[in-house]
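Undergrad: The structure under discussion is supplied below as structure tokens; questions concerning it will follow.
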Amino acid sequence: MTDTGQDWTERYRRAVMNTFGTPQRVLVRGEGAYVWDADGARYLDLLGGIAVNALGHAHPALVQAVTEQLGAVGHVSNFFTTPAHVRLAERLLEIVTPGGAPDGSRVFLANSGTEANEAAFKLVRRHGDGTRPRVLALEGAFHGRTMGALALTHKAAYREPFAPLPGGVEFLPFGDVAALADAMDDDVAALVLEPIQGEAGVRPLPAGYLAAARRLTADHGALLVLDEVQTGMGRTGTWMAHHGIVDPDGGGTSPVVPDVVTLAKSLGGGMPIGAAIALGGRAGGLLGPGQHGTTFGGNPVSAAAALAVIETIERDGLLHHAAVTGKALADALAGVPGVRTVRGSGLLLAAELEAPVAKEAAAALLDAGFIVNPVAPDALRVAPPLILTQEQAATLVDALPAALATAGLRTPPGAGRAEETP
Ligand SMILES: *Cc1c(COP(=O)(O)O)cnc(C)c1O
């Protein structure tokens, strides 16, 4: 048997459980923002493992940190700890909110986004000692696939085959402050939000919603949980996406301070890790000894990887770089005929198309050497490595018109918007 992509794909189909459909390519190598498949073709990776490969592929700092840690000590049980575990918790408390987390804040390290949210859900259940049975989430929300995180996830196709899920969760209309005000009461334990709904198609919360959510939860003693699994770790140009969201009515420019923030995806730059960060003494003290745990959570190799991600983002100015590169890419994509609008922030963007041909357009782009994701029938998502250069980003913009034409979106070159204004 040879090692072509087709051979691997056939073997995959015989050996791997069919939860993901057929893989589009078999990838064997990566460097920076590029990956190569088993047949030697190169792709610009504008999806970054779905907002995971923050430093791109095979970044020397990440390789060195993981190698050194594994060579020193790769795993200890939770009866012990390691400097990497402690240092990462300290660093997360420094970056989770501008100026650092308040006294009493605490970090729980897990292995994934769904586990970070599972920890947050359990913490939320402890709030109110049984007097707060309700948890609010939004329509369109995606918080993961374990039973607890799934209970917070809105999509019927993900939930219904697995009923009954943990109870008490109610879904509110997206971005509707009046509906939130109606639902909020003293029996609510928490409101769980994504600053930008990623899986729902890169949908930012409307202006003012997050600040209203903070006021309403505070008024009723409920916790505000921000799922920054996809949006956090510099992706939108600030350490956390919520740092960049200002209250249009608040006068000041200081961002809201949530009670819990969850992270994963970019946190480990490709190594599996998640974090639930409880801000302040009230949230920080809700889970006590024996109430939660994990064998691999906090393992020093993933913690060392996350420390390398944080150090590299700081050293190389990648927050600013993500903001500038993302802005330029969003502006350029918005000018491509066939693109109706561009949603998102920094390097988490979706180009909304004038017709529901995102799947076909993504397939055409893949054939042309670009990895993007049809996050909705009419939207292409990009969530590339934060190291993506403006020159690399521009090659996607150049390739998009041909891909849209292949996908059947009729926008002959040179036509488009100009036609509407004779
Ligand atoms: C991806 C994602 C999750 C789930 O993370 P996993 O690591 O896949 O378990 C949770 N919340 C959001 C917002 C996500 O984008």
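Chain labels run A, B, ... following the order of the structure tokens; each chain numbers its residues from 1, and ligands are numbered from 1 in the order shown.
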Give me every strand (DSSP E) residue in stretch 58-114 of chain A, going by DSSP on the backbone, as a PyMOL selection string.
TA: chain A and resi 106-110
Undergrad: Output the selection as a PDB file, in the first residue's frame - all heavy atoms for each residue.
TA:
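Generated file (again11.pdb):
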ATOM      1  N   ARG A 106      -9.597  32.373  40.866  1.00  0.00           N
ATOM      2  CA  ARG A 106      -8.945  31.064  40.801  1.00  0.00           C
ATOM      3  C   ARG A 106      -9.147  30.442  39.427  1.00  0.00           C
ATOM      4  O   ARG A 106     -10.161  30.675  38.779  1.00  0.00           O
ATOM      5  CB  ARG A 106      -9.535  30.117  41.844  1.00  0.00           C
ATOM      6  CG  ARG A 106      -9.326  30.538  43.304  1.00  0.00           C
ATOM      7  CD  ARG A 106      -7.880  30.334  43.744  1.00  0.00           C
ATOM      8  NE  ARG A 106      -7.706  30.617  45.167  1.00  0.00           N
ATOM      9  CZ  ARG A 106      -7.419  31.820  45.676  1.00  0.00           C
ATOM     10  NH1 ARG A 106      -7.255  32.853  44.866  1.00  0.00           N
ATOM     11  NH2 ARG A 106      -7.290  31.980  46.974  1.00  0.00           N
ATOM     12  N   VAL A 107      -8.183  29.571  39.036  1.00  0.00           N
ATOM     13  CA  VAL A 107      -8.191  28.928  37.716  1.00  0.00           C
ATOM     14  C   VAL A 107      -8.340  27.420  37.871  1.00  0.00           C
ATOM     15  O   VAL A 107      -7.688  26.819  38.743  1.00  0.00           O
ATOM     16  CB  VAL A 107      -6.865  29.236  36.966  1.00  0.00           C
ATOM     17  CG1 VAL A 107      -6.800  28.504  35.626  1.00  0.00           C
ATOM     18  CG2 VAL A 107      -6.699  30.733  36.779  1.00  0.00           C
ATOM     19  N   PHE A 108      -9.184  26.804  37.049  1.00  0.00           N
ATOM     20  CA  PHE A 108      -9.230  25.347  36.927  1.00  0.00           C
ATOM     21  C   PHE A 108      -8.780  24.984  35.523  1.00  0.00           C
ATOM     22  O   PHE A 108      -9.354  25.468  34.537  1.00  0.00           O
ATOM     23  CB  PHE A 108     -10.651  24.804  37.172  1.00  0.00           C
ATOM     24  CG  PHE A 108     -10.732  23.299  37.044  1.00  0.00           C
ATOM     25  CD1 PHE A 108     -10.396  22.479  38.118  1.00  0.00           C
ATOM     26  CD2 PHE A 108     -11.121  22.703  35.848  1.00  0.00           C
ATOM     27  CE1 PHE A 108     -10.444  21.088  38.000  1.00  0.00           C
ATOM     28  CE2 PHE A 108     -11.174  21.313  35.724  1.00  0.00           C
ATOM     29  CZ  PHE A 108     -10.835  20.514  36.802  1.00  0.00           C
ATOM     30  N   LEU A 109      -7.767  24.118  35.402  1.00  0.00           N
ATOM     31  CA  LEU A 109      -7.268  23.723  34.088  1.00  0.00           C
ATOM     32  C   LEU A 109      -7.864  22.389  33.670  1.00  0.00           C
ATOM     33  O   LEU A 109      -7.847  21.416  34.438  1.00  0.00           O
ATOM     34  CB  LEU A 109      -5.739  23.639  34.091  1.00  0.00           C
ATOM     35  CG  LEU A 109      -5.014  24.981  34.255  1.00  0.00           C
ATOM     36  CD1 LEU A 109      -3.500  24.769  34.295  1.00  0.00           C
ATOM     37  CD2 LEU A 109      -5.378  25.952  33.137  1.00  0.00           C
ATOM     38  N   ALA A 110      -8.395  22.362  32.458  1.00  0.00           N
ATOM     39  CA  ALA A 110      -8.990  21.160  31.882  1.00  0.00           C
ATOM     40  C   ALA A 110      -8.284  20.859  30.555  1.00  0.00           C
ATOM     41  O   ALA A 110      -7.187  21.373  30.320  1.00  0.00           O
ATOM     42  CB  ALA A 110     -10.485  21.392  31.667  1.00  0.00           C
TER      43      ALA A 110
END
Undergrad: When you look at A:Ser302 with a cut-off of 10 Å (counting only C-alpha atoms), what residues show up, excluding the ones that are within fewer than 5 positions of it in the same chain? I need them as a ChimeraX atom specification.
TA: /A:65-66,69-70,74-75,84-85,88,109-111,267-274,296-297,307-308
Undergrad: What would the file look like if the residues just selected were written as a CSV table (one decimal), in the first residue's frame with N, CA and C atoms?
TA:
chain,number,residue,atom,x,y,z
A,65,ALA,N,9.2,24.5,24.0
A,65,ALA,CA,8.6,24.5,25.4
A,65,ALA,C,8.0,23.1,25.7
A,66,VAL,N,7.4,22.5,24.7
A,66,VAL,CA,6.8,21.2,24.9
A,66,VAL,C,7.9,20.1,25.0
A,69,GLN,N,9.7,20.5,28.5
A,69,GLN,CA,8.8,20.1,29.6
A,69,GLN,C,8.7,18.6,29.6
A,70,LEU,N,8.5,18.0,28.4
A,70,LEU,CA,8.3,16.5,28.4
A,70,LEU,C,9.6,15.8,28.8
A,74,GLY,N,6.6,15.0,32.4
A,74,GLY,CA,5.5,15.1,31.4
A,74,GLY,C,4.1,14.9,32.1
A,75,HIS,N,4.1,14.3,33.2
A,75,HIS,CA,2.8,14.1,33.9
A,75,HIS,C,3.0,13.8,35.4
A,84,ALA,N,4.9,24.6,36.0
A,84,ALA,CA,4.2,25.0,34.7
A,84,ALA,C,2.7,25.3,35.1
A,85,HIS,N,2.1,24.4,35.8
A,85,HIS,CA,0.7,24.5,36.2
A,85,HIS,C,0.5,25.8,37.0
A,88,LEU,N,1.1,29.0,34.8
A,88,LEU,CA,0.1,29.3,33.8
A,88,LEU,C,-1.2,29.9,34.5
A,109,LEU,N,-7.8,24.1,35.4
A,109,LEU,CA,-7.3,23.7,34.1
A,109,LEU,C,-7.9,22.4,33.7
A,110,ALA,N,-8.4,22.4,32.5
A,110,ALA,CA,-9.0,21.2,31.9
A,110,ALA,C,-8.3,20.9,30.6
A,111,ASN,N,-8.9,20.0,29.7
A,111,ASN,CA,-8.2,19.6,28.5
A,111,ASN,C,-8.9,20.1,27.2
A,267,LEU,N,-5.5,28.6,23.3
A,267,LEU,CA,-4.7,28.6,24.6
A,267,LEU,C,-3.5,27.8,24.5
A,268,GLY,N,-3.6,26.6,24.0
A,268,GLY,CA,-2.4,25.7,23.9
A,268,GLY,C,-1.7,25.7,22.6
A,269,GLY,N,-2.2,26.5,21.7
A,269,GLY,CA,-1.5,26.6,20.3
A,269,GLY,C,-1.5,25.3,19.6
A,270,GLY,N,-2.4,24.4,20.0
A,270,GLY,CA,-2.4,23.1,19.3
A,270,GLY,C,-2.3,21.9,20.3
A,271,MET,N,-1.8,22.2,21.5
A,271,MET,CA,-1.8,21.2,22.6
A,271,MET,C,-3.2,21.3,23.3
A,272,PRO,N,-3.7,20.1,23.7
A,272,PRO,CA,-5.1,20.2,24.3
A,272,PRO,C,-5.0,20.8,25.7
A,273,ILE,N,-5.8,21.8,25.9
A,273,ILE,CA,-5.9,22.4,27.2
A,273,ILE,C,-7.1,23.4,27.2
A,274,GLY,N,-7.8,23.5,28.3
A,274,GLY,CA,-8.9,24.4,28.5
A,274,GLY,C,-8.7,25.0,29.9
A,296,PHE,N,-5.9,14.6,33.5
A,296,PHE,CA,-4.9,15.2,32.6
A,296,PHE,C,-4.9,16.8,32.8
A,297,GLY,N,-6.0,17.3,33.3
A,297,GLY,CA,-6.1,18.8,33.4
A,297,GLY,C,-4.9,19.3,34.2
A,307,LEU,N,2.0,28.6,28.2
A,307,LEU,CA,2.9,29.6,28.6
A,307,LEU,C,3.7,30.1,27.4
A,308,ALA,N,4.1,29.2,26.5
A,308,ALA,CA,4.9,29.7,25.3
A,308,ALA,C,4.0,30.5,24.4
Undergrad: All residues within 10 Å of ligand 1 are required, counting only C-alpha atoms and all ligand atoms; please report them as an MDAnalysis selection string.
TA: chainID A and resid 50:52 110:118 141:146 149:150 152:153 193:200 202 226:232 262:266 272:274
Undergrad: Could you write those residues out with C-alpha atoms, as a compact mmCIF listing (two decimals), in the first residue's frame?
TA:
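For reference, selection00.txt as written:
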# COMPACT_ATOMS: atom_id res chain seq x y z
CA ILE A 50 -10.60 26.18 14.01
CA ALA A 51 -9.00 29.02 15.94
CA VAL A 52 -6.45 26.74 17.62
CA ALA A 110 -8.99 21.16 31.88
CA ASN A 111 -8.23 19.58 28.50
CA SER A 112 -10.72 21.15 26.09
CA GLY A 113 -13.36 23.79 25.60
CA THR A 114 -16.24 21.54 26.49
CA GLU A 115 -14.50 20.57 29.73
CA ALA A 116 -13.80 24.20 30.57
CA ASN A 117 -17.52 24.89 30.16
CA GLU A 118 -18.42 21.73 32.07
CA ALA A 141 -25.04 29.25 21.44
CA PHE A 142 -22.36 26.60 21.10
CA HIS A 143 -20.60 25.56 24.29
CA GLY A 144 -19.43 22.01 23.55
CA ARG A 145 -20.44 18.37 23.33
CA THR A 146 -20.25 16.79 26.79
CA ALA A 149 -21.91 21.76 27.86
CA LEU A 150 -24.43 20.29 25.43
CA LEU A 152 -25.98 24.93 27.19
CA THR A 153 -25.71 24.42 23.41
CA LEU A 193 -22.59 34.07 26.62
CA GLU A 194 -20.09 33.99 23.78
CA PRO A 195 -18.90 37.57 23.03
CA ILE A 196 -19.02 36.53 19.37
CA GLN A 197 -21.03 33.38 18.60
CA GLY A 198 -18.47 31.35 16.66
CA GLU A 199 -20.22 28.20 15.47
CA ALA A 200 -23.46 30.11 14.81
CA VAL A 202 -19.37 34.55 13.74
CA LEU A 226 -18.23 34.35 29.15
CA ASP A 227 -17.28 31.48 26.88
CA GLU A 228 -14.13 32.82 25.21
CA VAL A 229 -13.06 29.39 23.98
CA GLN A 230 -13.06 30.57 20.35
CA THR A 231 -12.72 34.33 20.83
CA GLY A 232 -10.07 34.50 23.56
CA THR A 262 -13.63 29.89 29.81
CA LEU A 263 -10.76 29.36 27.37
CA ALA A 264 -9.41 26.55 25.19
CA LYS A 265 -8.72 26.41 21.42
CA SER A 266 -5.84 28.95 20.95
CA PRO A 272 -5.06 20.17 24.27
CA ILE A 273 -5.90 22.45 27.18
CA GLY A 274 -8.87 24.39 28.52
Undergrad: One number please: atom CA of A:Val342 to atom CA of A:Gln392, in Å, one decimal.
TA: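 Answer for the atom CA of A:Val342 to atom CA of A:Gln392 separation: 18.5 Å.
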Undergrad: Residues at most 10 Å from A:Gln24, counting only C-alpha atoms, excluding those fewer than 6 positions away in the same chain, as a PyMOL selection string?
TA: chain A and resi 5+9+363+366
Undergrad: With C-alpha atoms kept, could you save the residues just selected as a PDB file, in the first residue's frame?
TA:
ATOM      1  CA  GLY A   5      -4.207  10.838   0.553  1.00  0.00           C
ATOM      2  CA  THR A   9      -8.803   8.303   3.608  1.00  0.00           C
ATOM      3  CA  ALA A 363     -14.351  23.467  -1.766  1.00  0.00           C
ATOM      4  CA  LEU A 366      -9.405  24.248  -0.979  1.00  0.00           C
TER       5      LEU A 366
END
Undergrad: Can you work out which one of A:Asp187, A:Glu160, A:Asp259, A:Asp219 has the shortest atom-to-atom distance to A:Pro102, counting only C-alpha atoms?
TA: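 Distance minimum relative to A:Pro102 lands on A:Asp259.
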Undergrad: Name the residues in contact with A:His292 at a cut-off of 10 Å, using only C-alpha atoms, excluding same-chain residues fewer than 2 positions from it; report them as a list in words.
TA: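 Non-adjacent residues within range: Phe108, Glu118, Ala119, Lys122, Leu123, Leu287, Gly288, Pro289, Gly290 and Thr294 of chain A.
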Undergrad: If we count only C-alpha atoms and set the cut-off at 12 Å, which residues sit around A:Ile310, ignoring sequence neighbours fewer than 4 positions away in its own chain? Please answer as a CSV table (one decimal) with all heavy atoms, in the first residue's frame.
TA:
chain,number,residue,atom,x,y,z
A,54,ALA,N,-2.7,29.2,17.1
A,54,ALA,CA,-2.5,30.7,17.3
A,54,ALA,C,-1.1,31.1,16.7
A,54,ALA,O,-0.9,32.1,16.2
A,54,ALA,CB,-2.6,31.1,18.7
A,55,LEU,N,-0.1,30.2,16.9
A,55,LEU,CA,1.3,30.5,16.5
A,55,LEU,C,1.6,29.9,15.2
A,55,LEU,O,2.7,29.8,14.8
A,55,LEU,CB,2.3,30.1,17.5
A,55,LEU,CG,2.1,30.7,19.0
A,55,LEU,CD1,3.2,30.2,19.9
A,55,LEU,CD2,2.0,32.2,19.0
A,61,ALA,N,9.1,28.2,19.3
A,61,ALA,CA,8.8,28.5,20.8
A,61,ALA,C,8.0,27.4,21.4
A,61,ALA,O,8.2,26.9,22.5
A,61,ALA,CB,8.2,29.8,21.0
A,62,LEU,N,7.0,26.9,20.6
A,62,LEU,CA,6.1,25.9,21.1
A,62,LEU,C,6.8,24.5,21.1
A,62,LEU,O,6.7,23.8,22.1
A,62,LEU,CB,4.8,25.9,20.2
A,62,LEU,CG,3.6,25.2,20.7
A,62,LEU,CD1,3.1,25.8,22.0
A,62,LEU,CD2,2.5,25.3,19.6
A,65,ALA,N,9.2,24.5,24.0
A,65,ALA,CA,8.6,24.5,25.4
A,65,ALA,C,8.0,23.1,25.7
A,65,ALA,O,8.2,22.6,26.8
A,65,ALA,CB,7.4,25.5,25.4
A,87,ARG,N,2.5,28.5,37.2
A,87,ARG,CA,2.8,29.7,36.4
A,87,ARG,C,1.7,30.0,35.4
A,87,ARG,O,1.4,31.2,35.2
A,87,ARG,CB,4.2,29.6,35.7
A,87,ARG,CG,5.3,29.8,36.7
A,87,ARG,CD,6.7,29.4,36.0
A,87,ARG,NE,6.9,30.0,34.7
A,87,ARG,CZ,7.4,29.4,33.7
A,87,ARG,NH1,7.8,28.2,33.7
A,87,ARG,NH2,7.6,30.1,32.5
A,88,LEU,N,1.1,29.0,34.8
A,88,LEU,CA,0.1,29.3,33.8
A,88,LEU,C,-1.2,29.9,34.5
A,88,LEU,O,-1.8,30.8,34.0
A,88,LEU,CB,-0.3,28.0,33.1
A,88,LEU,CG,-1.5,28.2,32.1
A,88,LEU,CD1,-1.1,29.3,31.0
A,88,LEU,CD2,-1.9,26.9,31.4
A,89,ALA,N,-1.5,29.3,35.7
A,89,ALA,CA,-2.7,29.9,36.4
A,89,ALA,C,-2.4,31.3,36.7
A,89,ALA,O,-3.3,32.2,36.6
A,89,ALA,CB,-2.9,29.0,37.7
A,90,GLU,N,-1.2,31.6,37.2
A,90,GLU,CA,-0.9,33.0,37.5
A,90,GLU,C,-1.0,33.9,36.3
A,90,GLU,O,-1.5,35.1,36.3
A,90,GLU,CB,0.5,33.1,38.1
A,90,GLU,CG,0.7,32.5,39.5
A,90,GLU,CD,2.1,32.4,40.0
A,90,GLU,OE1,3.1,32.6,39.2
A,90,GLU,OE2,2.3,32.1,41.2
A,91,ARG,N,-0.4,33.5,35.2
A,91,ARG,CA,-0.5,34.3,33.9
A,91,ARG,C,-1.9,34.5,33.5
A,91,ARG,O,-2.2,35.6,33.0
A,91,ARG,CB,0.4,33.6,32.8
A,91,ARG,CG,1.8,33.5,33.1
A,91,ARG,CD,2.5,34.9,33.1
A,91,ARG,NE,2.7,35.4,31.8
A,91,ARG,CZ,2.4,36.6,31.3
A,91,ARG,NH1,1.7,37.4,32.1
A,91,ARG,NH2,2.7,37.0,30.1
A,92,LEU,N,-2.7,33.5,33.6
A,92,LEU,CA,-4.1,33.6,33.1
A,92,LEU,C,-4.8,34.7,34.0
A,92,LEU,O,-5.6,35.4,33.5
A,92,LEU,CB,-4.8,32.3,33.2
A,92,LEU,CG,-4.4,31.3,32.1
A,92,LEU,CD1,-5.1,29.9,32.3
A,92,LEU,CD2,-4.7,31.8,30.7
A,94,GLU,N,-3.5,37.2,35.2
A,94,GLU,CA,-3.0,38.5,34.8
A,94,GLU,C,-3.7,39.0,33.5
A,94,GLU,O,-3.9,40.2,33.3
A,94,GLU,CB,-1.5,38.5,34.5
A,94,GLU,CG,-0.6,38.4,35.8
A,94,GLU,CD,0.8,38.1,35.6
A,94,GLU,OE1,1.3,38.1,34.4
A,94,GLU,OE2,1.5,37.7,36.5
A,95,ILE,N,-4.0,38.1,32.6
A,95,ILE,CA,-4.5,38.5,31.3
A,95,ILE,C,-6.0,38.5,31.1
A,95,ILE,O,-6.5,39.0,30.2
A,95,ILE,CB,-3.8,37.8,30.1
A,95,ILE,CG1,-4.2,36.3,30.1
A,95,ILE,CG2,-2.3,38.0,30.1
A,95,ILE,CD1,-3.7,35.5,28.9
A,96,VAL,N,-6.7,37.8,32.1
A,96,VAL,CA,-8.1,37.6,31.9
A,96,VAL,C,-8.9,38.9,32.0
A,96,VAL,O,-10.0,39.0,31.4
A,96,VAL,CB,-8.6,36.5,32.9
A,96,VAL,CG1,-8.6,37.1,34.3
A,96,VAL,CG2,-10.0,36.0,32.5
A,232,GLY,N,-11.1,34.0,22.6
A,232,GLY,CA,-10.1,34.5,23.6
A,232,GLY,C,-8.7,34.3,23.0
A,232,GLY,O,-8.4,33.8,21.9
A,233,MET,N,-7.7,34.7,23.9
A,233,MET,CA,-6.3,34.5,23.6
A,233,MET,C,-5.8,35.3,22.4
A,233,MET,O,-4.9,34.8,21.6
A,233,MET,CB,-5.9,33.0,23.4
A,233,MET,CG,-6.2,32.2,24.7
A,233,MET,SD,-5.4,32.9,26.2
A,233,MET,CE,-3.7,32.7,25.7
A,234,GLY,N,-6.3,36.5,22.3
A,234,GLY,CA,-5.7,37.4,21.3
A,234,GLY,C,-6.4,37.4,19.9
A,234,GLY,O,-6.1,38.3,19.1
A,239,TRP,N,-6.6,40.4,24.5
A,239,TRP,CA,-6.4,39.1,25.1
A,239,TRP,C,-7.7,38.3,25.2
A,239,TRP,O,-7.8,37.2,24.8
A,239,TRP,CB,-5.8,39.2,26.6
A,239,TRP,CG,-4.4,39.3,26.6
A,239,TRP,CD1,-3.6,40.4,27.2
A,239,TRP,CD2,-3.4,38.4,26.1
A,239,TRP,NE1,-2.3,40.1,27.0
A,239,TRP,CE2,-2.1,38.9,26.4
A,239,TRP,CE3,-3.5,37.1,25.5
A,239,TRP,CZ2,-0.9,38.2,26.1
A,239,TRP,CZ3,-2.3,36.5,25.2
A,239,TRP,CH2,-1.1,37.0,25.5
A,266,SER,N,-7.2,28.3,21.1
A,266,SER,CA,-5.8,28.9,20.9
A,266,SER,C,-4.9,28.9,22.2
A,266,SER,O,-3.7,29.1,22.1
A,266,SER,CB,-6.0,30.4,20.6
A,266,SER,OG,-6.4,30.6,19.2
A,267,LEU,N,-5.5,28.6,23.3
A,267,LEU,CA,-4.7,28.6,24.6
A,267,LEU,C,-3.5,27.8,24.5
A,267,LEU,O,-2.4,28.2,24.9
A,267,LEU,CB,-5.6,28.2,25.8
A,267,LEU,CG,-5.0,28.1,27.1
A,267,LEU,CD1,-4.3,29.4,27.6
A,267,LEU,CD2,-6.0,27.7,28.2
A,268,GLY,N,-3.6,26.6,24.0
A,268,GLY,CA,-2.4,25.7,23.9
A,268,GLY,C,-1.7,25.7,22.6
A,268,GLY,O,-0.7,25.0,22.4
A,269,GLY,N,-2.2,26.5,21.7
A,269,GLY,CA,-1.5,26.6,20.3
A,269,GLY,C,-1.5,25.3,19.6
A,269,GLY,O,-0.8,25.2,18.6
A,303,ALA,N,0.5,22.9,29.8
A,303,ALA,CA,0.7,24.2,30.5
A,303,ALA,C,1.9,24.9,29.9
A,303,ALA,O,1.8,26.1,29.7
A,303,ALA,CB,0.8,24.0,32.0
A,304,ALA,N,3.0,24.2,29.7
A,304,ALA,CA,4.2,24.8,29.1
A,304,ALA,C,3.9,25.3,27.7
A,304,ALA,O,4.3,26.4,27.3
A,304,ALA,CB,5.3,23.8,29.0
A,305,ALA,N,3.0,24.6,27.0
A,305,ALA,CA,2.7,25.1,25.6
A,305,ALA,C,1.9,26.4,25.7
A,305,ALA,O,2.2,27.3,25.0
A,305,ALA,CB,1.8,24.0,24.9
A,306,ALA,N,0.9,26.4,26.7
A,306,ALA,CA,0.1,27.7,26.8
A,306,ALA,C,1.0,28.8,27.3
A,306,ALA,O,0.8,30.0,26.8
A,306,ALA,CB,-1.0,27.4,27.8
A,314,GLU,N,3.0,38.1,23.4
A,314,GLU,CA,3.5,39.3,24.0
A,314,GLU,C,4.8,39.8,23.3
A,314,GLU,O,4.9,41.0,22.9
A,314,GLU,CB,3.8,39.1,25.5
A,314,GLU,CG,2.6,39.3,26.4
A,314,GLU,CD,2.8,39.2,27.9
A,314,GLU,OE1,3.9,38.8,28.3
A,314,GLU,OE2,1.9,39.6,28.6
A,315,ARG,N,5.7,38.9,23.2
A,315,ARG,CA,7.1,39.3,22.7
A,315,ARG,C,6.9,39.8,21.2
A,315,ARG,O,7.6,40.7,20.8
A,315,ARG,CB,8.0,38.0,22.7
A,315,ARG,CG,9.5,38.3,22.4
A,315,ARG,CD,10.2,37.0,22.1
A,315,ARG,NE,9.6,36.4,20.9
A,315,ARG,CZ,9.6,35.1,20.7
A,315,ARG,NH1,10.2,34.3,21.6
A,315,ARG,NH2,9.1,34.6,19.6
A,316,ASP,N,6.1,39.1,20.4
A,316,ASP,CA,6.0,39.5,19.0
A,316,ASP,C,4.8,40.5,18.7
A,316,ASP,O,4.6,40.7,17.5
A,316,ASP,CB,5.8,38.2,18.2
A,316,ASP,CG,7.0,37.3,18.2
A,316,ASP,OD1,8.1,37.7,18.8
A,316,ASP,OD2,6.9,36.1,17.8
A,317,GLY,N,4.2,41.0,19.7
A,317,GLY,CA,3.2,42.0,19.5
A,317,GLY,C,2.0,41.5,18.7
A,317,GLY,O,1.4,42.2,17.9
A,318,LEU,N,1.6,40.3,19.0
A,318,LEU,CA,0.6,39.6,18.1
A,318,LEU,C,-0.9,40.1,18.4
A,318,LEU,O,-1.7,39.9,17.5
A,318,LEU,CB,0.7,38.1,18.2
A,318,LEU,CG,2.0,37.5,17.7
A,318,LEU,CD1,1.9,36.0,17.9
A,318,LEU,CD2,2.1,37.8,16.2
A,319,LEU,N,-1.1,40.8,19.5
A,319,LEU,CA,-2.4,41.3,19.7
A,319,LEU,C,-2.7,42.4,18.7
A,319,LEU,O,-3.7,42.5,18.0
A,319,LEU,CB,-2.6,41.9,21.2
A,319,LEU,CG,-2.5,40.9,22.3
A,319,LEU,CD1,-2.6,41.6,23.7
A,319,LEU,CD2,-3.5,39.7,22.2
A,386,LEU,N,-2.4,33.7,14.4
A,386,LEU,CA,-2.2,35.1,14.6
A,386,LEU,C,-1.0,35.7,14.0
A,386,LEU,O,-0.8,36.9,13.8
A,386,LEU,CB,-2.2,35.4,16.2
A,386,LEU,CG,-3.3,34.9,17.0
A,386,LEU,CD1,-3.2,35.3,18.5
A,386,LEU,CD2,-4.7,35.3,16.5
Undergrad: Would you mind listing what lies within 6 Å of A:Asp378 as an MDAnalysis selection string, with only C-alpha atoms counted and same-chain residues fewer than 4 positions away left out?
TA: chainID A and resid 352:353 355:358
Undergrad: For those residues, write N, CA and C atoms to a file as a PDB file, in the first residue's frame.
TA:
ATOM      1  N   GLU A 352     -20.037  37.090   4.646  1.00  0.00           N
ATOM      2  CA  GLU A 352     -21.400  36.676   4.285  1.00  0.00           C
ATOM      3  C   GLU A 352     -21.580  36.864   2.781  1.00  0.00           C
ATOM      4  N   LEU A 353     -21.978  35.782   2.101  1.00  0.00           N
ATOM      5  CA  LEU A 353     -22.081  35.792   0.639  1.00  0.00           C
ATOM      6  C   LEU A 353     -23.491  36.184   0.205  1.00  0.00           C
ATOM      7  N   ALA A 355     -25.267  34.611  -1.853  1.00  0.00           N
ATOM      8  CA  ALA A 355     -26.067  33.405  -2.117  1.00  0.00           C
ATOM      9  C   ALA A 355     -25.538  32.281  -1.223  1.00  0.00           C
ATOM     10  N   PRO A 356     -26.369  31.273  -0.943  1.00  0.00           N
ATOM     11  CA  PRO A 356     -25.952  30.198  -0.025  1.00  0.00           C
ATOM     12  C   PRO A 356     -25.042  29.177  -0.708  1.00  0.00           C
ATOM     13  N   VAL A 357     -23.845  29.627  -1.096  1.00  0.00           N
ATOM     14  CA  VAL A 357     -22.911  28.747  -1.811  1.00  0.00           C
ATOM     15  C   VAL A 357     -21.590  28.601  -1.053  1.00  0.00           C
ATOM     16  N   ALA A 358     -21.640  28.781   0.281  1.00  0.00           N
ATOM     17  CA  ALA A 358     -20.388  28.758   1.060  1.00  0.00           C
ATOM     18  C   ALA A 358     -19.676  27.413   0.940  1.00  0.00           C
TER      19      ALA A 358
END
Undergrad: Just checking: using only C-alpha atoms, which residue out of A:Gly221, A:Gly49, A:Gly244, A:Gly40 ends up closest to A:Thr97?
TA: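 The answer is A:Gly244, which sits nearest to A:Thr97.
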Undergrad: For stretch 127-130 of chain A, list every protein, DNA or RNA residue within 10 Å, evaluated using only C-alpha atoms, and leave out those in the same chain fewer than 6 positions away; present the list as a list in words.
TA: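 So, after excluding close chain neighbours, the residues are Asp186, Asp187, Val188, Ala189, Ala190, Gly221, Ala222, Leu223, Arg282, Ala283, Gly285, Leu286 and Leu287 of chain A.
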Undergrad: Could the residues in this selection be written to a file with C-alpha atoms, as a compact mmCIF listing (two decimals), in the first residue's frame?
TA:
# COMPACT_ATOMS: atom_id res chain seq x y z
CA ASP A 186 -33.27 36.02 41.72
CA ASP A 187 -33.62 32.29 40.89
CA VAL A 188 -31.11 32.55 38.01
CA ALA A 189 -27.67 31.10 38.79
CA ALA A 190 -25.95 32.38 35.67
CA GLY A 221 -26.99 38.22 42.08
CA ALA A 222 -26.49 35.91 39.08
CA LEU A 223 -23.09 35.03 37.63
CA ARG A 282 -17.44 34.69 45.29
CA ALA A 283 -17.01 32.69 42.05
CA GLY A 285 -14.64 29.76 46.03
CA LEU A 286 -17.64 27.89 44.63
CA LEU A 287 -15.90 24.60 43.84
Undergrad: Tell me, in Å to one decimal, how far atom CA of A:Val135 is from atom CA of A:Gly293.
TA: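 So the answer is 22.2 Å.
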Undergrad: Determine which residues of stretch 9-101 of chain A receive a DSSP assignment of alpha helix (DSSP H), computed from the backbone, and state them as an MDAnalysis selection string.
TA: chainID A and resid 9:15 48:51 60:72 83:95
